[in-house]
Amino acid sequence: MEYIFAGIWKAFGLIFSLDREVFDITWLSLKVSAMATILASLTGIPAGFIIGTEDFIGKRVLITLFNTLMAFPTVVVGLLLYSLISRQGPLGPLGLLFTPWAMLIGQFILATPIIVALTISATQGIDPRVRPTSLSMGANSFQTAGTMLSEARFALISAVIAGFGRVITEVGCALMVGGNIRGYTRTMTTAIALETAKGEFSFALALGFILLMVAFLVNIFFHWLQGRR
Amino acid sequence: MIENYHFAIRDLTQFYDGNKVLDIPDLVIKKGLIYGVIGPNGSGKTTLLSILSLLARPSSGRVYFDGLEINGQGNNESALRRQMAMVLQNPFLFNMTVEKNVAYGLKIRGWSKKEQKNKVRECLDLVGLTGFEKRKAHELSGGEAQRVAIARGIAVNPKVLFLDEPTVNIDETHIEILEKVIEELNRRDKTTIIFTTHDLDQAYRLAHGVIILSGGRLKKVLSSDSFRDSV
Amino acid sequence: MNRLSLLILVVIFAVSSFAPALAGERLKLSTTTSTENSGLLCALLPPFEEMFDIKVDVIPVGTGKALKIAETGDVDVTLVHARSLEDRFVKQGYGVNRREVMYNDFVIIGSKSDPAEVRKAKTAVEAFQRIAGRQSMYISRGDNSGTHVKELEIWKRASKRPSGSWYLEAGKGMGAVLIMAHEKKAYALTDRGTYLALLGSNKIDLPILFEGDPVLFNSYGIIAVNPAKHAHVNYVKAMALIGWVTSRAGQKIIKEFGRDRFGKPLFIPLAIPNP
């Protein structure tokens with residue numbers, strides 16, 4: 001029990017002393033995960049919207065596929081990506097393995113299905129009158145889509161938060177393709193894994209505590225963003 | 001004489017799940033008049049409005065708007081729609097303020113903020129909702145929402161305004177306001193107005209022409225004078 | 001609307017702050033968890049980085065994996081400790097210019113009560129035989145690391161193939177295995193450096209039960225990835241790193257490392273025994 005309190009105490013110390021290493025790790029985690037979430041949203045929301053609102057052959061299959069991919073183990077994504085970008089893989093010449101870019105790609109792959117699947121369910125919750133109302137006011141198809149997305153904004157923000165939550169907390173993929181390089185690809189989760197292995201429980205706990213706070217602050221930010229528009 | 005016609009319908013049919021829900025061999029809507037569409041539930045009133053306002057495509061037949069075939073190839077549907085406005089039965093307000101709802105069509109048409117603001121105020125005044133700008137749409141009563149939807153429709157200065165059962169959710173005193181709005185809009189801007197109603201009296205009070213539908217078939221088109229005689 | 005522009009601003013900020021992290025020359029070094037966990041590299045690498053204006057990306061994995069990613073050309077240079085694997089790596093042409101860097105030794109640790117009486121053993125092989133004989137709990141790295149290779153070598157010499165509920169394959173790094181051993185009061189083979197580091201920070205309280213057998217000698221070698229196999233590797237800087245860690249200055253850092261924290265050094269330089 002004692003070391004848990006020690007960890008919490010140390011966490012406060014690390015946060016308020018603005019420990020350089022903790023700051024760098026936190027900042028890198030945020031940057032990579034935020035970028036991955038943004039890119040996944042830019043592709044996942046339009047894709048989910050089209051899948052959710054258009055009728056086509058194979059729609060059910062596609063929805064099932066994305067629902068399944070939501071639960072795709074992060075280490076499997078890491079493994080597949082690793083074999084792609086290793087020097088021996090087809091994308092080897094790009095030299096992506098053990099760089100932040102590799103983690104970014106991995107997290108993008110992890111976040112996109114979640115955002116697509118939750119966008120699909122968000123579009124299914126849109127009032128059926130939104131589309132005719134918007135069209136009858138003279139909106140073209142892009143403007144109508146924009147209005148429909150705007151009406152579903154609360155559910156969409158939840159989708160984005162869920163995607164972000166998945167990538168900022170995942171460790172398997174980041175560890176595999178990032179390599180846990182100090183000051184370069186060491187994220188909060190891979191650092192926690194490493195520090196635990198080293199027996200530095202209080203440092204690991206401190207990072208875990210910071211991760212929790214970051215998640216909390218990001219949620220508050222999004223909550224404020226969706227506020228009163 | 002074709003210049004006097006807004007809409008001309010030829011051999012229009014609409015099927016839904018294999019059932020013929022609308023069958024109109026021939027109908028014209030003249031510019032600058034008010035039309036009432038009456039008929040029992042399921043008589044095809046809403047279907048007719050949807051087709052005229054380009055929200056639905058007919059199964060067969062042709063519809064002309066200002067001489068253009070509206071479902072023809074190469075037509076810009078949203079450009080045509082921008083000359084009209086439709087207020088749905090049980091209308092939907094976007095989850096925003098009243099002001100943004102009423103300004104919706106104006107924003108799409110690229111009006112400046114200032115123009116939008118003035119027009120919104122004018123339209124809210126017209127439907128008796130002065131000062132409602134900052135209210136949230138989902139906080140309004142059914143009747144208030146209906147009037148906001150109508151304000152949103154008239155804000156875009158449409159050539160044709162469609163109103164599907166516009167007074168069904170509204171209490172007596174406000175029905176009177178709305179009927180005045182309809183007449184005023186028609187008189188002032190020469191807006192063509194097509195509304196559906198259950199209320200024969202209302203159709204008689206407001207409309208210059210009455211379209212009677214039954215079971216999807218066009219029964220009669222009457223001028224209000226002959227309509228009065230037939231009642 | 002201003003919320004949206006704020007969001008865009010945040011995005012631009014995030015993207016722009018991403019760019020500098022990718023600039024500059026980088027050298028990738030795969031190494032064992034023991035060197036990373038002991039903190040040696042944090043002392044050894046920064047002077048090199050400054051000297052050559054380069055960042056060394058340290059990828060801490062087991063020796064087997066460290067050599068594997070060197071074999072596929074995903075790193076430029078590797079620092080490992082499993083002589084047999086290293087020799088094969090060089091022989092197969094994946095690595096060139098192997099240099100001995102330093103050594104420490106393996107020790108057998110376990111709980112104070114020592115149920116298998118490992119303390120009485122004369123050799124490491126005998127110690128392992130005693131553990132197997134008593135079926136006392138033993139935690140193996142089980143990750144194809146240098147330590148794991150050494151464990152298997154000793155088991156082989158002891159003519160035992162360890163299996164059963166007393167033999168746990170952790171599949172984890174050295175530090176994690178020591179902590180498991182501490183939690184479960186089990187035996188384990190460990191390099192002295194990691195052991196001292198954890199002991200010194202009170203993470204474990206397991207004593208050394210056996211040490212000193214020549215079979216427990218644990219030497220670290222550094223090998224450049226062969227540019228003839230992988231054209232893209234940064235061979236020149238890999239050689240510079242090899243030069244640095246085997247230089248008088250580099251060896252001195254190794255010799256001094258850990259003296260202040262643990263009273264004695266964690267590693268003993270091999271390239272220049274008395275730098």
# chains A, B, ... in the order shown; residues from 1 in each chain; ligands from 1
>>> interface_residues(of="chain A", to="chain B", cutoff="10 Å", atoms="only C-alpha atoms", output="ChimeraX atom specification")
/A:127-141,143,147-148,150-153,228-229
>>> interface_residues(of="chain A", to="chain C", cutoff="7 Å", atoms="only C-alpha atoms", output="PyMOL selection string")
chain A and resi 31+86-88+97+179-182+197-199+225
>>> write_last_selection(atoms="all heavy atoms", output="short mmCIF file (atom, residue, chain, number, x, y, z; two decimals), in the first residue's frame")
data_model
loop_
_atom_site.label_atom_id
_atom_site.label_comp_id
_atom_site.auth_asym_id
_atom_site.auth_seq_id
_atom_site.Cartn_x
_atom_site.Cartn_y
_atom_site.Cartn_z
N LYS A 31 0.92 14.80 -28.57
CA LYS A 31 1.10 15.19 -29.97
C LYS A 31 0.75 14.05 -30.91
O LYS A 31 -0.04 14.22 -31.84
CB LYS A 31 2.57 15.59 -30.19
CG LYS A 31 2.76 17.04 -30.39
CD LYS A 31 4.19 17.49 -30.60
CE LYS A 31 5.28 16.50 -30.41
NZ LYS A 31 6.61 17.12 -30.31
N SER A 86 9.19 -2.56 -41.53
CA SER A 86 10.55 -3.01 -41.27
C SER A 86 11.33 -2.93 -42.59
O SER A 86 10.76 -3.00 -43.67
CB SER A 86 10.54 -4.45 -40.76
OG SER A 86 11.83 -5.00 -40.87
N ARG A 87 12.67 -2.81 -42.46
CA ARG A 87 13.49 -2.67 -43.66
C ARG A 87 13.28 -3.80 -44.64
O ARG A 87 13.53 -3.67 -45.83
CB ARG A 87 14.97 -2.61 -43.25
CG ARG A 87 15.37 -1.31 -42.59
CD ARG A 87 15.40 -0.17 -43.57
NE ARG A 87 15.78 1.07 -42.89
CZ ARG A 87 15.88 2.23 -43.52
NH1 ARG A 87 15.63 2.32 -44.81
NH2 ARG A 87 16.22 3.31 -42.85
N GLN A 88 12.82 -4.96 -44.12
CA GLN A 88 12.58 -6.08 -45.01
C GLN A 88 11.17 -6.07 -45.57
O GLN A 88 10.87 -6.84 -46.47
CB GLN A 88 12.80 -7.39 -44.25
CG GLN A 88 14.26 -7.63 -43.93
CD GLN A 88 14.52 -9.03 -43.46
OE1 GLN A 88 13.71 -9.59 -42.72
NE2 GLN A 88 15.63 -9.60 -43.87
N LEU A 97 10.27 2.62 -39.31
CA LEU A 97 10.27 1.87 -38.06
C LEU A 97 11.08 2.61 -36.99
O LEU A 97 12.11 3.19 -37.28
CB LEU A 97 10.86 0.47 -38.30
CG LEU A 97 10.69 -0.52 -37.16
CD1 LEU A 97 9.22 -0.77 -36.87
CD2 LEU A 97 11.39 -1.83 -37.49
N GLY A 179 9.44 1.58 -30.54
CA GLY A 179 10.70 1.12 -29.98
C GLY A 179 11.01 1.67 -28.60
O GLY A 179 12.05 1.37 -28.05
N ASN A 180 10.11 2.52 -28.06
CA ASN A 180 10.30 3.05 -26.71
C ASN A 180 11.63 3.76 -26.56
O ASN A 180 12.38 3.55 -25.60
CB ASN A 180 10.17 1.90 -25.70
CG ASN A 180 9.97 2.39 -24.29
OD1 ASN A 180 9.59 3.55 -24.08
ND2 ASN A 180 10.25 1.55 -23.31
N ILE A 181 11.96 4.61 -27.53
CA ILE A 181 13.25 5.32 -27.50
C ILE A 181 13.11 6.57 -26.64
O ILE A 181 12.25 7.42 -26.88
CB ILE A 181 13.67 5.72 -28.93
CG1 ILE A 181 13.86 4.47 -29.78
CG2 ILE A 181 14.95 6.55 -28.88
CD1 ILE A 181 13.90 4.73 -31.26
N ARG A 182 13.98 6.66 -25.66
CA ARG A 182 13.92 7.78 -24.72
C ARG A 182 14.04 9.11 -25.45
O ARG A 182 14.93 9.30 -26.27
CB ARG A 182 15.07 7.63 -23.71
CG ARG A 182 15.07 8.65 -22.61
CD ARG A 182 15.97 8.16 -21.50
NE ARG A 182 16.07 9.18 -20.49
CZ ARG A 182 17.11 10.00 -20.39
NH1 ARG A 182 18.11 9.90 -21.23
NH2 ARG A 182 17.11 10.92 -19.45
N ALA A 197 8.80 -2.35 -15.34
CA ALA A 197 9.78 -3.42 -15.51
C ALA A 197 11.04 -3.13 -14.69
O ALA A 197 11.70 -4.03 -14.20
CB ALA A 197 10.14 -3.58 -16.98
N LYS A 198 11.38 -1.87 -14.58
CA LYS A 198 12.57 -1.49 -13.83
C LYS A 198 12.31 -1.47 -12.33
O LYS A 198 13.21 -1.24 -11.54
CB LYS A 198 13.06 -0.10 -14.25
CG LYS A 198 13.83 -0.11 -15.55
CD LYS A 198 13.92 1.27 -16.17
CE LYS A 198 14.77 2.23 -15.39
NZ LYS A 198 14.88 3.53 -16.07
N GLY A 199 11.06 -1.65 -11.95
CA GLY A 199 10.72 -1.61 -10.53
C GLY A 199 10.49 -0.21 -10.02
O GLY A 199 10.35 0.01 -8.82
N LEU A 225 -15.77 22.58 -26.07
CA LEU A 225 -15.82 22.82 -27.51
C LEU A 225 -17.23 22.58 -28.04
O LEU A 225 -17.73 23.32 -28.88
CB LEU A 225 -14.83 21.88 -28.20
CG LEU A 225 -14.52 22.19 -29.65
CD1 LEU A 225 -13.60 23.39 -29.72
CD2 LEU A 225 -13.87 21.01 -30.32
#
>>> select_by_dssp(residues="range 15-248 of chain C", states="strand (DSSP E)", output="JSON, numbers by chain")
{"C": [26, 27, 28, 29, 30, 31, 55, 56, 57, 58, 59, 60, 77, 78, 79, 80, 95, 96, 97, 98, 99, 100, 101, 102, 103, 104, 105, 106, 107, 108, 109, 138, 139, 140, 167, 168, 169, 188, 189, 190, 191, 208, 209, 210, 217, 218, 219, 220, 221, 222, 223, 224, 225]}
>>> write_last_selection(atoms="C-alpha atoms", output="PDB file, in the first residue's frame")
ATOM      1  CA  ARG C  26      19.796   9.917 -35.937  1.00  0.00           C
ATOM      2  CA  LEU C  27      21.635   6.719 -35.201  1.00  0.00           C
ATOM      3  CA  LYS C  28      19.665   3.664 -34.127  1.00  0.00           C
ATOM      4  CA  LEU C  29      21.147   1.374 -31.503  1.00  0.00           C
ATOM      5  CA  SER C  30      19.443  -1.816 -30.429  1.00  0.00           C
ATOM      6  CA  THR C  31      20.566  -3.044 -27.065  1.00  0.00           C
ATOM      7  CA  LYS C  55      20.829  11.674 -31.639  1.00  0.00           C
ATOM      8  CA  VAL C  56      21.209   8.045 -30.672  1.00  0.00           C
ATOM      9  CA  ASP C  57      17.876   6.222 -30.607  1.00  0.00           C
ATOM     10  CA  VAL C  58      18.212   3.449 -28.060  1.00  0.00           C
ATOM     11  CA  ILE C  59      15.826   0.554 -28.638  1.00  0.00           C
ATOM     12  CA  PRO C  60      15.888  -1.576 -25.483  1.00  0.00           C
ATOM     13  CA  VAL C  77      24.506  -0.719 -34.546  1.00  0.00           C
ATOM     14  CA  THR C  78      23.853  -3.158 -31.726  1.00  0.00           C
ATOM     15  CA  LEU C  79      25.213  -3.607 -28.190  1.00  0.00           C
ATOM     16  CA  VAL C  80      24.452  -7.053 -26.794  1.00  0.00           C
ATOM     17  CA  GLY C  95      27.458  -7.521 -38.639  1.00  0.00           C
ATOM     18  CA  VAL C  96      31.010  -6.298 -38.956  1.00  0.00           C
ATOM     19  CA  ASN C  97      33.725  -4.962 -36.666  1.00  0.00           C
ATOM     20  CA  ARG C  98      32.650  -6.523 -33.389  1.00  0.00           C
ATOM     21  CA  ARG C  99      34.463  -5.049 -30.410  1.00  0.00           C
ATOM     22  CA  GLU C 100      34.444  -6.167 -26.793  1.00  0.00           C
ATOM     23  CA  VAL C 101      33.147  -3.297 -24.681  1.00  0.00           C
ATOM     24  CA  MET C 102      32.824  -4.371 -21.082  1.00  0.00           C
ATOM     25  CA  TYR C 103      31.746  -7.172 -18.853  1.00  0.00           C
ATOM     26  CA  ASN C 104      30.005  -7.830 -15.668  1.00  0.00           C
ATOM     27  CA  ASP C 105      28.985 -11.195 -14.407  1.00  0.00           C
ATOM     28  CA  PHE C 106      25.866 -13.162 -13.798  1.00  0.00           C
ATOM     29  CA  VAL C 107      24.904 -14.116 -10.311  1.00  0.00           C
ATOM     30  CA  ILE C 108      22.265 -16.442  -8.928  1.00  0.00           C
ATOM     31  CA  ILE C 109      19.930 -14.763  -6.507  1.00  0.00           C
ATOM     32  CA  TYR C 138      12.853 -20.457 -10.628  1.00  0.00           C
ATOM     33  CA  ILE C 139      12.051 -17.535 -12.892  1.00  0.00           C
ATOM     34  CA  SER C 140      13.521 -17.565 -16.366  1.00  0.00           C
ATOM     35  CA  TYR C 167       9.871 -23.171 -13.658  1.00  0.00           C
ATOM     36  CA  LEU C 168       8.322 -19.921 -14.822  1.00  0.00           C
ATOM     37  CA  GLU C 169       9.151 -18.313 -18.149  1.00  0.00           C
ATOM     38  CA  ALA C 188      16.778 -16.273 -10.839  1.00  0.00           C
ATOM     39  CA  LEU C 189      19.906 -15.718 -12.861  1.00  0.00           C
ATOM     40  CA  THR C 190      20.691 -12.026 -13.308  1.00  0.00           C
ATOM     41  CA  ASP C 191      23.416  -9.767 -14.495  1.00  0.00           C
ATOM     42  CA  ILE C 208      23.375 -13.208  -4.017  1.00  0.00           C
ATOM     43  CA  LEU C 209      23.524 -16.958  -3.367  1.00  0.00           C
ATOM     44  CA  PHE C 210      26.112 -17.933  -5.933  1.00  0.00           C
ATOM     45  CA  PHE C 217      31.192 -14.290 -17.185  1.00  0.00           C
ATOM     46  CA  ASN C 218      28.982 -11.829 -19.106  1.00  0.00           C
ATOM     47  CA  SER C 219      30.679  -9.807 -21.803  1.00  0.00           C
ATOM     48  CA  TYR C 220      29.125  -7.121 -23.940  1.00  0.00           C
ATOM     49  CA  GLY C 221      30.022  -6.659 -27.568  1.00  0.00           C
ATOM     50  CA  ILE C 222      29.191  -3.839 -29.946  1.00  0.00           C
ATOM     51  CA  ILE C 223      28.710  -4.626 -33.621  1.00  0.00           C
ATOM     52  CA  ALA C 224      28.031  -2.425 -36.634  1.00  0.00           C
ATOM     53  CA  VAL C 225      25.394  -3.583 -39.081  1.00  0.00           C
TER      54      VAL C 225
END
>>> residues_around(residues="range 120-127 of chain C", least_positions_apart="4", cutoff="7 Å", atoms="only C-alpha atoms", output="MDAnalysis selection string")
chainID C and resid 131 154 157:158 213
